[in-house]
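Here is structure16.cif, consisting of mmCIF, C-alpha atoms and all ligand atoms:
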data_final
#
loop_
_atom_site.label_atom_id
_atom_site.label_comp_id
_atom_site.auth_asym_id
_atom_site.auth_seq_id
_atom_site.Cartn_x
_atom_site.Cartn_y
_atom_site.Cartn_z
CA MET A 840 -15.34 -61.75 -15.85
CA GLU A 841 -14.61 -58.04 -15.67
CA THR A 842 -12.43 -57.15 -12.72
CA SER A 843 -14.98 -54.65 -11.41
CA GLU A 844 -17.67 -57.31 -11.34
CA LEU A 845 -15.29 -59.76 -9.67
CA VAL A 846 -14.50 -57.17 -7.00
CA ASP A 847 -18.20 -56.38 -6.44
CA ARG A 848 -18.93 -60.05 -5.91
CA LEU A 849 -15.96 -60.45 -3.61
CA LEU A 850 -17.10 -57.49 -1.53
CA ALA A 851 -20.57 -59.04 -1.38
CA GLY A 852 -19.00 -62.12 0.21
CA GLU A 853 -18.98 -64.58 -2.70
CA ARG A 854 -16.37 -67.22 -1.99
CA ARG A 855 -15.85 -68.15 -5.61
CA ALA A 856 -15.12 -64.54 -6.45
CA LEU A 857 -12.62 -64.46 -3.61
CA ALA A 858 -10.87 -67.58 -4.89
CA ARG A 859 -10.73 -66.14 -8.41
CA ALA A 860 -9.40 -62.83 -7.18
CA LEU A 861 -6.59 -64.64 -5.39
CA THR A 862 -5.76 -66.59 -8.52
CA ARG A 863 -5.59 -63.36 -10.50
CA VAL A 864 -3.30 -61.86 -7.92
CA GLU A 865 -1.11 -64.95 -7.98
CA ASP A 866 -0.85 -65.38 -11.73
CA GLY A 867 -1.81 -61.96 -12.91
CA SER A 868 0.03 -59.63 -15.18
CA GLU A 869 1.08 -56.23 -13.93
CA ASP A 870 -1.97 -54.62 -15.56
CA ARG A 871 -4.41 -57.00 -13.91
CA LEU A 872 -2.75 -56.57 -10.52
CA ARG A 873 -2.91 -52.81 -10.86
CA GLU A 874 -6.59 -52.94 -11.70
CA ILE A 875 -7.65 -55.34 -8.97
CA ILE A 876 -5.54 -53.78 -6.21
CA GLY A 877 -6.75 -50.34 -7.23
CA LEU A 878 -10.36 -51.43 -6.73
CA LEU A 879 -9.74 -53.38 -3.51
CA HIS A 880 -7.41 -51.04 -1.72
CA PRO A 881 -10.07 -48.62 -0.43
CA HIS A 882 -11.79 -51.60 1.25
CA THR A 883 -8.74 -52.78 3.18
CA GLY A 884 -7.07 -51.87 6.45
CA LYS A 885 -9.49 -53.56 8.82
CA ALA A 886 -8.09 -57.08 9.20
CA GLN A 887 -5.74 -58.17 11.95
CA LEU A 888 -2.69 -59.58 10.13
CA VAL A 889 -0.88 -62.41 11.89
CA GLY A 890 2.32 -64.06 10.64
CA ILE A 891 3.28 -67.52 11.86
CA THR A 892 6.77 -68.73 11.10
CA GLY A 893 9.29 -71.22 12.44
CA SER A 894 11.50 -74.12 11.40
CA PRO A 895 10.08 -77.02 9.37
CA GLY A 896 7.92 -79.37 11.41
CA VAL A 897 7.59 -77.36 14.63
CA GLY A 898 3.81 -77.51 14.26
CA LYS A 899 2.90 -74.29 12.47
CA SER A 900 0.03 -75.81 10.51
CA THR A 901 -1.36 -77.60 13.55
CA LEU A 902 -1.14 -74.34 15.51
CA THR A 903 -2.78 -72.41 12.68
CA ASN A 904 -5.60 -74.90 12.52
CA GLU A 905 -6.18 -74.61 16.28
CA LEU A 906 -5.89 -70.82 16.26
CA VAL A 907 -8.52 -70.66 13.53
CA ALA A 908 -10.87 -72.60 15.81
CA ALA A 909 -10.00 -70.35 18.77
CA TRP A 910 -10.76 -67.17 16.86
CA ARG A 911 -13.94 -68.68 15.52
CA GLN A 912 -15.00 -69.28 19.11
CA ALA A 913 -14.56 -65.56 19.63
CA ASP A 914 -16.85 -65.06 16.64
CA ARG A 915 -14.18 -63.69 14.37
CA ARG A 916 -13.91 -64.59 10.68
CA VAL A 917 -10.52 -66.02 9.80
CA ALA A 918 -8.56 -66.50 6.57
CA VAL A 919 -5.29 -68.39 6.19
CA LEU A 920 -2.66 -67.97 3.51
CA ALA A 921 -0.20 -70.88 3.67
CA VAL A 922 2.89 -69.82 1.77
CA ASP A 923 5.58 -72.27 0.81
CA PRO A 924 8.71 -70.30 0.04
CA SER A 925 10.81 -73.39 -0.53
CA SER A 926 9.07 -74.54 -3.67
CA PRO A 927 8.01 -72.70 -6.81
CA PHE A 928 5.08 -75.09 -7.12
CA SER A 929 2.58 -76.27 -4.54
CA GLY A 930 4.21 -79.42 -3.22
CA GLY A 931 3.39 -82.27 -0.89
CA ALA A 932 3.79 -80.28 2.32
CA LEU A 933 1.03 -77.91 1.36
CA LEU A 934 -1.21 -80.76 0.34
CA GLY A 935 -0.80 -82.10 3.86
CA ASP A 936 -1.73 -78.69 5.21
CA ARG A 937 -4.87 -78.64 3.11
CA VAL A 938 -5.96 -82.00 4.39
CA ARG A 939 -5.49 -81.00 8.01
CA MET A 940 -7.36 -77.79 7.46
CA GLN A 941 -10.38 -79.77 6.29
CA ASP A 942 -11.64 -79.26 9.85
CA HIS A 943 -12.99 -75.92 8.74
CA VAL A 944 -14.21 -76.81 5.29
CA LEU A 945 -17.89 -76.34 6.09
CA ASP A 946 -17.43 -73.10 8.00
CA ASP A 947 -18.35 -69.96 6.05
CA GLY A 948 -16.30 -67.87 8.43
CA VAL A 949 -13.08 -69.61 7.45
CA PHE A 950 -11.13 -69.42 4.21
CA ILE A 951 -7.89 -71.29 3.62
CA ARG A 952 -5.59 -71.00 0.66
CA SER A 953 -2.16 -72.30 -0.21
CA MET A 954 0.13 -70.12 -2.23
CA ALA A 955 3.40 -71.13 -3.79
CA SER A 956 6.14 -68.56 -3.73
CA ARG A 957 7.87 -67.42 -6.85
CA GLY A 958 10.99 -66.92 -4.83
CA HIS A 959 10.76 -63.16 -4.70
CA LEU A 960 13.83 -62.07 -2.71
CA GLY A 961 14.33 -65.71 -1.82
CA GLY A 962 11.35 -65.67 0.52
CA LEU A 963 7.73 -64.73 0.32
CA SER A 964 6.39 -64.01 -3.10
CA TRP A 965 5.23 -60.62 -4.19
CA ALA A 966 1.79 -62.17 -4.42
CA THR A 967 1.68 -62.67 -0.63
CA PRO A 968 1.09 -59.07 0.46
CA GLN A 969 -1.39 -58.69 -2.41
CA GLY A 970 -3.16 -61.85 -1.29
CA LEU A 971 -3.45 -60.34 2.20
CA LEU A 972 -5.08 -57.25 0.72
CA VAL A 973 -7.62 -59.42 -1.09
CA LEU A 974 -8.53 -61.34 2.09
CA ASP A 975 -8.67 -58.11 4.08
CA ALA A 976 -11.05 -56.58 1.54
CA ALA A 977 -13.18 -59.74 1.67
CA GLY A 978 -13.95 -58.84 5.27
CA PHE A 979 -12.02 -61.38 7.32
CA ASP A 980 -11.33 -60.14 10.83
CA VAL A 981 -8.11 -62.11 11.15
CA VAL A 982 -5.77 -63.07 8.32
CA ILE A 983 -3.00 -65.56 9.13
CA VAL A 984 0.06 -66.10 6.94
CA GLU A 985 1.86 -69.33 7.66
CA THR A 986 5.31 -69.82 6.24
CA VAL A 987 8.32 -72.01 6.91
CA GLY A 988 11.15 -70.04 8.39
CA VAL A 989 13.96 -70.32 5.92
CA GLY A 990 16.35 -67.40 6.06
CA GLN A 991 14.68 -64.30 4.76
CA ALA A 992 11.11 -65.49 5.22
CA GLU A 993 10.85 -64.48 8.89
CA VAL A 994 12.02 -61.00 8.19
CA GLU A 995 9.64 -60.67 5.28
CA ILE A 996 6.69 -62.01 7.21
CA ALA A 997 7.43 -59.47 9.93
CA SER A 998 7.29 -56.74 7.35
CA ILE A 999 3.77 -57.67 6.25
CA ALA A 1000 2.15 -58.76 9.55
CA ASP A 1001 0.89 -56.78 12.54
CA THR A 1002 1.98 -59.56 14.87
CA THR A 1003 4.70 -62.09 14.10
CA VAL A 1004 4.53 -65.37 15.94
CA VAL A 1005 7.73 -67.42 15.97
CA ALA A 1006 7.00 -71.05 16.71
CA MET A 1007 9.62 -73.45 17.97
CA ALA A 1008 9.81 -76.90 19.48
CA PRO A 1009 11.90 -78.02 22.45
CA GLY A 1010 15.13 -79.86 22.06
CA MET A 1011 16.10 -78.52 18.68
CA GLY A 1012 18.37 -75.80 20.00
CA ASP A 1013 15.84 -73.55 18.42
CA ALA A 1014 16.07 -70.72 20.92
CA ILE A 1015 19.78 -70.34 20.28
CA GLN A 1016 19.35 -70.78 16.54
CA ALA A 1017 16.70 -68.09 16.62
CA ALA A 1018 19.02 -65.70 18.42
CA LYS A 1019 21.74 -66.31 15.84
CA ALA A 1020 19.41 -65.82 12.91
CA GLY A 1021 18.14 -62.51 14.29
CA ILE A 1022 14.66 -63.91 14.77
CA LEU A 1023 14.38 -62.55 18.30
CA GLU A 1024 14.03 -59.13 16.80
CA VAL A 1025 11.13 -60.00 14.53
CA ALA A 1026 9.14 -62.04 17.06
CA ASP A 1027 6.31 -60.26 18.86
CA VAL A 1028 5.07 -63.51 20.33
CA PHE A 1029 6.96 -66.75 20.88
CA CYS A 1030 5.23 -70.10 20.86
CA VAL A 1031 7.06 -73.08 22.32
CA ASN A 1032 4.99 -75.87 20.80
CA LYS A 1033 5.22 -79.61 21.48
CA ALA A 1034 5.32 -78.80 25.18
CA ASP A 1035 4.39 -82.42 25.79
CA ARG A 1036 8.00 -83.19 24.94
CA GLU A 1037 10.94 -82.91 27.24
CA GLY A 1038 12.81 -79.64 27.35
CA ALA A 1039 9.94 -77.23 26.77
CA ASP A 1040 10.57 -75.39 30.05
CA ARG A 1041 14.22 -75.16 29.23
CA THR A 1042 13.46 -73.61 25.83
CA VAL A 1043 11.17 -71.10 27.55
CA ARG A 1044 13.98 -70.26 30.01
CA GLU A 1045 16.51 -69.85 27.21
CA LEU A 1046 14.16 -67.48 25.43
CA ARG A 1047 13.62 -65.46 28.61
CA ASP A 1048 17.36 -65.27 29.20
CA MET A 1049 17.94 -64.04 25.69
CA GLN A 1050 15.24 -61.43 25.78
CA HIS A 1051 17.61 -58.77 27.00
CA LEU A 1052 19.20 -59.14 23.56
CA ALA A 1053 15.98 -57.91 22.07
CA GLU A 1054 15.54 -54.98 24.41
CA HIS A 1055 15.68 -52.53 21.56
CA HIS A 1056 12.49 -54.14 20.33
CA GLU A 1057 10.12 -51.56 18.97
CA GLY A 1058 8.64 -49.17 21.49
CA GLY A 1059 8.91 -51.24 24.65
CA TRP A 1060 7.00 -54.42 23.84
CA THR A 1061 8.55 -57.46 25.49
CA PRO A 1062 7.68 -60.49 23.37
CA THR A 1063 5.48 -62.89 25.29
CA ILE A 1064 6.26 -66.60 25.45
CA HIS A 1065 3.50 -69.21 25.27
CA LYS A 1066 3.71 -72.96 25.73
CA THR A 1067 1.36 -75.05 23.61
CA VAL A 1068 0.57 -78.61 22.68
CA ALA A 1069 -1.09 -77.86 19.38
CA ALA A 1070 -1.73 -81.52 18.64
CA ALA A 1071 -3.93 -81.66 21.77
CA GLY A 1072 -5.31 -78.14 21.54
CA GLU A 1073 -3.57 -77.09 24.78
CA GLY A 1074 -2.52 -73.51 25.42
CA ILE A 1075 -4.19 -72.27 22.26
CA THR A 1076 -6.65 -69.86 23.90
CA GLU A 1077 -3.75 -68.23 25.76
CA LEU A 1078 -1.75 -67.99 22.56
CA ARG A 1079 -4.70 -66.40 20.77
CA ASP A 1080 -5.15 -63.92 23.62
CA GLY A 1081 -1.41 -63.17 23.56
CA ILE A 1082 -1.58 -62.37 19.85
CA ASP A 1083 -4.67 -60.19 20.38
CA ALA A 1084 -2.95 -58.43 23.29
CA HIS A 1085 0.02 -57.53 21.10
CA ARG A 1086 -2.26 -56.16 18.43
CA ALA A 1087 -4.17 -54.10 21.02
CA TRP A 1088 -0.89 -52.76 22.38
CA LEU A 1089 0.21 -51.85 18.83
CA ALA A 1090 -3.00 -49.95 18.21
CA ASP A 1091 -2.76 -48.06 21.53
CA SER A 1092 0.92 -47.21 21.25
CA GLY A 1093 0.78 -45.85 17.71
CA GLY A 1094 2.92 -48.76 16.52
CA LEU A 1095 0.19 -50.05 14.24
CA GLU A 1096 0.11 -46.84 12.29
CA ARG A 1097 3.90 -46.88 12.07
CA ARG A 1098 3.94 -50.46 10.79
CA ARG A 1099 1.31 -49.59 8.20
CA VAL A 1100 3.33 -46.69 6.89
CA ASP A 1101 6.46 -48.89 6.81
CA ARG A 1102 4.55 -51.53 4.87
CA ALA A 1103 3.26 -48.92 2.45
CA ARG A 1104 6.81 -47.65 1.96
CA LEU A 1105 8.01 -51.17 1.08
CA GLN A 1106 5.20 -51.63 -1.40
CA LEU A 1107 5.83 -48.26 -2.96
CA ARG A 1108 9.50 -49.10 -3.32
CA GLU A 1109 8.84 -52.51 -4.91
CA ILE A 1110 6.29 -51.14 -7.34
CA ALA A 1111 8.36 -48.10 -8.33
CA LEU A 1112 11.56 -50.13 -8.77
CA GLY A 1113 9.62 -52.69 -10.78
CA ALA A 1114 8.28 -49.95 -13.04
CA ILE A 1115 11.75 -48.48 -13.55
CA ARG A 1116 13.19 -51.92 -14.32
CA ARG A 1117 10.47 -52.55 -16.88
CA ARG A 1118 11.01 -49.13 -18.46
CA PHE A 1119 14.71 -49.86 -18.68
CA ALA A 1120 14.09 -53.28 -20.23
CA GLN A 1121 12.00 -51.60 -22.93
CA VAL A 1122 14.87 -49.35 -24.03
CA GLU A 1123 17.79 -51.62 -23.16
CA ASP A 1124 18.28 -52.91 -26.70
CA GLY A 1125 17.41 -49.60 -28.30
CA GLN A 1126 19.43 -46.90 -29.99
CA ALA A 1127 19.65 -44.53 -27.04
CA VAL A 1128 21.36 -47.12 -24.85
CA ASP A 1129 23.60 -48.18 -27.78
CA ARG A 1130 24.65 -44.62 -28.39
CA LEU A 1131 25.28 -43.85 -24.72
CA SER A 1132 27.27 -47.07 -24.30
CA GLN A 1133 29.43 -46.21 -27.28
CA ARG A 1134 30.04 -42.73 -25.94
CA ILE A 1135 31.06 -44.14 -22.56
CA ALA A 1136 33.43 -46.60 -24.23
CA ALA A 1137 34.88 -43.78 -26.35
CA ARG A 1138 35.43 -41.77 -23.14
CA GLU A 1139 33.19 -38.99 -24.41
CA VAL A 1140 31.02 -39.23 -21.32
CA ASP A 1141 31.41 -40.89 -17.91
CA PRO A 1142 28.97 -43.67 -17.01
CA TYR A 1143 27.26 -41.69 -14.21
CA THR A 1144 26.48 -38.75 -16.42
CA ALA A 1145 25.28 -41.15 -19.12
CA ALA A 1146 22.98 -42.89 -16.62
CA ASP A 1147 21.57 -39.50 -15.58
CA GLU A 1148 20.80 -38.77 -19.22
CA LEU A 1149 19.17 -42.13 -19.70
CA LEU A 1150 17.03 -41.78 -16.53
CA ALA A 1151 15.91 -38.32 -17.60
CA SER A 1152 14.85 -39.74 -20.96
CA LEU A 1153 12.90 -42.59 -19.25
CA GLU A 1154 10.87 -40.07 -17.30
CA SER A 1155 9.67 -38.26 -20.36
N1 LIG B 1 4.12 -84.21 20.10
C1 LIG B 1 3.56 -83.19 19.46
N2 LIG B 1 3.49 -83.24 18.12
C2 LIG B 1 2.93 -82.19 17.48
C3 LIG B 1 2.43 -81.07 18.16
N3 LIG B 1 1.96 -80.18 17.27
C4 LIG B 1 2.16 -80.73 16.05
N4 LIG B 1 2.74 -81.94 16.16
C5 LIG B 1 3.12 -82.87 15.09
O1 LIG B 1 4.26 -82.38 14.43
C6 LIG B 1 4.23 -82.72 13.05
C7 LIG B 1 4.42 -81.48 12.20
O2 LIG B 1 3.31 -80.62 12.40
P1 LIG B 1 2.91 -79.50 11.35
O3 LIG B 1 1.81 -78.74 11.94
O4 LIG B 1 2.73 -80.07 9.99
O5 LIG B 1 4.25 -78.64 11.36
P2 LIG B 1 4.66 -77.44 10.38
O6 LIG B 1 5.54 -76.57 11.17
O7 LIG B 1 3.46 -76.84 9.75
O8 LIG B 1 5.49 -78.22 9.27
P3 LIG B 1 5.99 -77.64 7.86
O9 LIG B 1 4.85 -76.87 7.25
O10 LIG B 1 6.33 -78.88 7.09
O11 LIG B 1 7.19 -76.80 8.17
C8 LIG B 1 2.91 -83.39 12.81
O12 LIG B 1 3.08 -84.77 12.83
C9 LIG B 1 2.07 -82.95 14.01
O13 LIG B 1 1.05 -83.86 14.34
C10 LIG B 1 2.51 -81.07 19.59
O14 LIG B 1 2.11 -80.12 20.28
N5 LIG B 1 3.10 -82.14 20.17
MG MG B 2 2.97 -76.44 7.73
#

Translate the structure described by the file into structure tokens.
Amino acid sequence: METSELVDRLLAGERRALARALTRVEDGSEDRLREIIGLLHPHTGKAQLVGITGSPGVGKSTLTNELVAAWRQADRRVAVLAVDPSSPFSGGALLGDRVRMQDHVLDDGVFIRSMASRGHLGGLSWATPQGLLVLDAAGFDVVIVETVGVGQAEVEIASIADTTVVAMAPGMGDAIQAAKAGILEVADVFCVNKADREGADRTVRELRDMQHLAEHHEGGWTPTIHKTVAAAGEGITELRDGIDAHRAWLADSGGLERRRVDRARLQLREIALGAIRRRFAQVEDGQAVDRLSQRIAAREVDPYTAADELLASLES
């Protein structure tokens, strides 16, 4: 199918077109990505982008599932992108996620997709932000990205979401771990899940105590802390409202616009660097690089001057 037809169908709300568009984004060559993103981009910028991250097993998928239901109750259409940055292929964990998310399988206002990461920068794949664009263009009001917090992933999720939710469970020393890993700075909303277990109040207290560490947090937002029992659907409405409140604050304070420009800057950087790398790869084994390398080795030119010459020739 021609990309333009695919995009037309996606914009008309065809789910199969949406699924195919995501596959193209995930597997696509640079040319295909360029084409599809070019057509979709004018139709994006409306969705509320929510990132959910946290250590393995804290209940992110259960929370996501419940949040989907809570936003549906508010009559909002919701899409989920479950990203597994730990595996280059969709593994067992994601299969489990899919099964749990079967709750919503008959609901037209819900779309759920797993995406394996290609390990871009050791975290979320390059396909993730593009996948968000596709779901945004498809008209979902809320788009959730769920990813396991392993190192870089939290920071990356914060760079693509409007609101970043950091989920933790009591009794795992998670609050202190989070502080060490610099997660306090990326969290807009904390969720202490598994509040049916001992130590939830203590984790909440630890987070409160550590909040002064995050005082430099963007523009005066103090991250809110919510207790939930996702497995029993408790505290979910409050969590949803907390996420919505952060997004409303962002919009009012001008922070949303700032985040959008920051995101655009990151994308621009990635795409431009990628293009330069590809241009370089095309000439790397060619005569010009050979000749310049020989001249550097022969001390006829210094390597910086030679690189300037090479870059100038790439531009033309
Ligand atoms: N006791 C209790 N268990 C919960 C709660 N929420 C989720 N669980 C259980 O915790 C386990 C892990 O939940 P998931 O939702 O798969 O956690 P996750 O963070 O998505 O896990 P990964 O994707 O593997 O990192 C499951 O057995 C859930 O049923 C809760 O509020 N209380
Ligand atoms: Mg999960």

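Near segment 1069-1073 of chain A, within 12 Å and counting only C-alpha atoms, sit Val897, Gly898, Lys899, Ser900, Thr901, Leu902, Thr903, Asn904, Glu905, Leu906, Val907, Ala908, Ala909, Arg939, Ala1006, Met1007, Ala1008, Cys1030, Val1031, Asn1032, Lys1033, Ala1034, Asp1035, Arg1036, His1065, Glu1077, Leu1078 and Arg1079 of chain A; same-chain residues fewer than 4 positions away were not included.
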
**Study point:** segment 865-874 of chain A surroundings by all atoms listed in the file, 8 Å radius, close-in-sequence under 6 positions cut, as a list in words
**Key:**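 In the requested format, the answer is Thr842, Met954, Ala966 and Gly970 of chain A.
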
Point to revise | Residue among A:Ala913, A:Val982, A:Val949, A:Leu850 lying closest to Lys885 of chain A, counting all atoms listed in the file | key: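 For Lys885 of chain A, the nearest of the given residues is A:Val982.
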
Exercise for review: Name the closest residue to Ile1082 of chain A among the candidates A:Thr1061, A:Thr1003, A:Gln969, A:Ser843; distances are taken between atoms, counting all atoms listed in the file.
Suggested key: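 Between A:Thr1061, A:Thr1003, A:Gln969, A:Ser843, the residue approaching Ile1082 of chain A most closely is A:Thr1003.
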
Practice item. Show which residues sit within 12 Å of Thr1144 of chain A, as an MDAnalysis selection string. Count all atoms listed in the file, and ignore same-chain residues fewer than 4 positions away. Key: chainID A and resid 1131:1132 1134:1135 1138:1140 1148:1151

For the residues in that selection, give me C-alpha atoms as a PDB file, in the coordinates of the input.
ATOM      1  CA  LEU A1131      25.280 -43.850 -24.720  1.00  0.00           C
ATOM      2  CA  SER A1132      27.270 -47.070 -24.300  1.00  0.00           C
ATOM      3  CA  ARG A1134      30.040 -42.730 -25.940  1.00  0.00           C
ATOM      4  CA  ILE A1135      31.060 -44.140 -22.560  1.00  0.00           C
ATOM      5  CA  ARG A1138      35.430 -41.770 -23.140  1.00  0.00           C
ATOM      6  CA  GLU A1139      33.190 -38.990 -24.410  1.00  0.00           C
ATOM      7  CA  VAL A1140      31.020 -39.230 -21.320  1.00  0.00           C
ATOM      8  CA  GLU A1148      20.800 -38.770 -19.220  1.00  0.00           C
ATOM      9  CA  LEU A1149      19.170 -42.130 -19.700  1.00  0.00           C
ATOM     10  CA  LEU A1150      17.030 -41.780 -16.530  1.00  0.00           C
ATOM     11  CA  ALA A1151      15.910 -38.320 -17.600  1.00  0.00           C
TER      12      ALA A1151
END

Check your understanding: Suppose you want the space between atom O10 of ligand LIG 1 (chain B) and atom CA of Gly988 of chain A; what is it in Å?
Key ->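 Between these atoms lies a distance of 10.2 Å.
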
Residues within 12 Å of Arg859 of chain A, please, as a short mmCIF file (atom, residue, chain, number, x, y, z; two decimals) with C-alpha atoms, in the frame of the given file. Count only C-alpha atoms; anything in the same chain fewer than 2 positions from it doesn't count.
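Produced file selection24.cif, reproduced below:
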data_model
loop_
_atom_site.label_atom_id
_atom_site.label_comp_id
_atom_site.auth_asym_id
_atom_site.auth_seq_id
_atom_site.Cartn_x
_atom_site.Cartn_y
_atom_site.Cartn_z
CA MET A 840 -15.34 -61.75 -15.85
CA GLU A 841 -14.61 -58.04 -15.67
CA THR A 842 -12.43 -57.15 -12.72
CA GLU A 844 -17.67 -57.31 -11.34
CA LEU A 845 -15.29 -59.76 -9.67
CA VAL A 846 -14.50 -57.17 -7.00
CA ARG A 848 -18.93 -60.05 -5.91
CA LEU A 849 -15.96 -60.45 -3.61
CA GLU A 853 -18.98 -64.58 -2.70
CA ARG A 854 -16.37 -67.22 -1.99
CA ARG A 855 -15.85 -68.15 -5.61
CA ALA A 856 -15.12 -64.54 -6.45
CA LEU A 857 -12.62 -64.46 -3.61
CA LEU A 861 -6.59 -64.64 -5.39
CA THR A 862 -5.76 -66.59 -8.52
CA ARG A 863 -5.59 -63.36 -10.50
CA VAL A 864 -3.30 -61.86 -7.92
CA GLU A 865 -1.11 -64.95 -7.98
CA ASP A 866 -0.85 -65.38 -11.73
CA GLY A 867 -1.81 -61.96 -12.91
CA ILE A 875 -7.65 -55.34 -8.97
CA ARG A 952 -5.59 -71.00 0.66
CA GLY A 970 -3.16 -61.85 -1.29
CA VAL A 973 -7.62 -59.42 -1.09
CA LEU A 974 -8.53 -61.34 2.09
#

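Among A:Ile876, A:Thr1076, A:Pro895, A:Asp975, the residue with the shortest atom-to-atom distance to Gln912 of chain A, counting all atoms listed in the file, is A:Thr1076.
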
Review point. Which residue gives the smallest distance to Arg1102 of chain A among A:Ile999, A:Leu878, A:Leu971, A:Ala858, with all atoms listed in the file counted?
Key: A:Ile999

**Study point:** Point (3.3, -58.5, 15.3), cut-off 12 Å, counting only C-alpha atoms, residues as JSON, numbers by chain
**Key:** {"A": [887, 888, 889, 890, 891, 892, 983, 984, 993, 994, 996, 997, 998, 999, 1000, 1001, 1002, 1003, 1004, 1005, 1024, 1025, 1026, 1027, 1028, 1029, 1056, 1057, 1060, 1061, 1062, 1063, 1081, 1082, 1083, 1084, 1085, 1086, 1087, 1088, 1089, 1090, 1094, 1095, 1098, 1099]}

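The two atoms in question, atom CA of Ile1015 of chain A and atom CA of Glu1045 of chain A, are spaced 7.7 Å apart.
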
Exercise for review: In Å, rounded to a single decimal, give me how far atom CA of Leu972 of chain A is from atom CA of Gly896 of chain A.
Suggested key: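 Atom-to-atom, atom CA of Gly896 of chain A to atom CA of Leu972 of chain A, that is 27.8 Å.
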
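Point (-15.1, -48.3, 1.3) has the following residues at most 12 Å away: Asp847, Leu850, Leu878, Leu879, His880, Pro881, His882, Thr883, Gly884, Lys885, Ala976, Ala977 and Gly978 of chain A (atoms considered: only C-alpha atoms).
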
Review point. Between A:Thr1042, A:Gln1050, A:Gln1121, A:Thr1067, which has the minimum distance to ligand LIG 1 (chain B) (counting all atoms listed in the file)?
Key: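 Going through A:Thr1042, A:Gln1050, A:Gln1121, A:Thr1067 one by one, the smallest distance to ligand LIG 1 (chain B) is for A:Thr1067.
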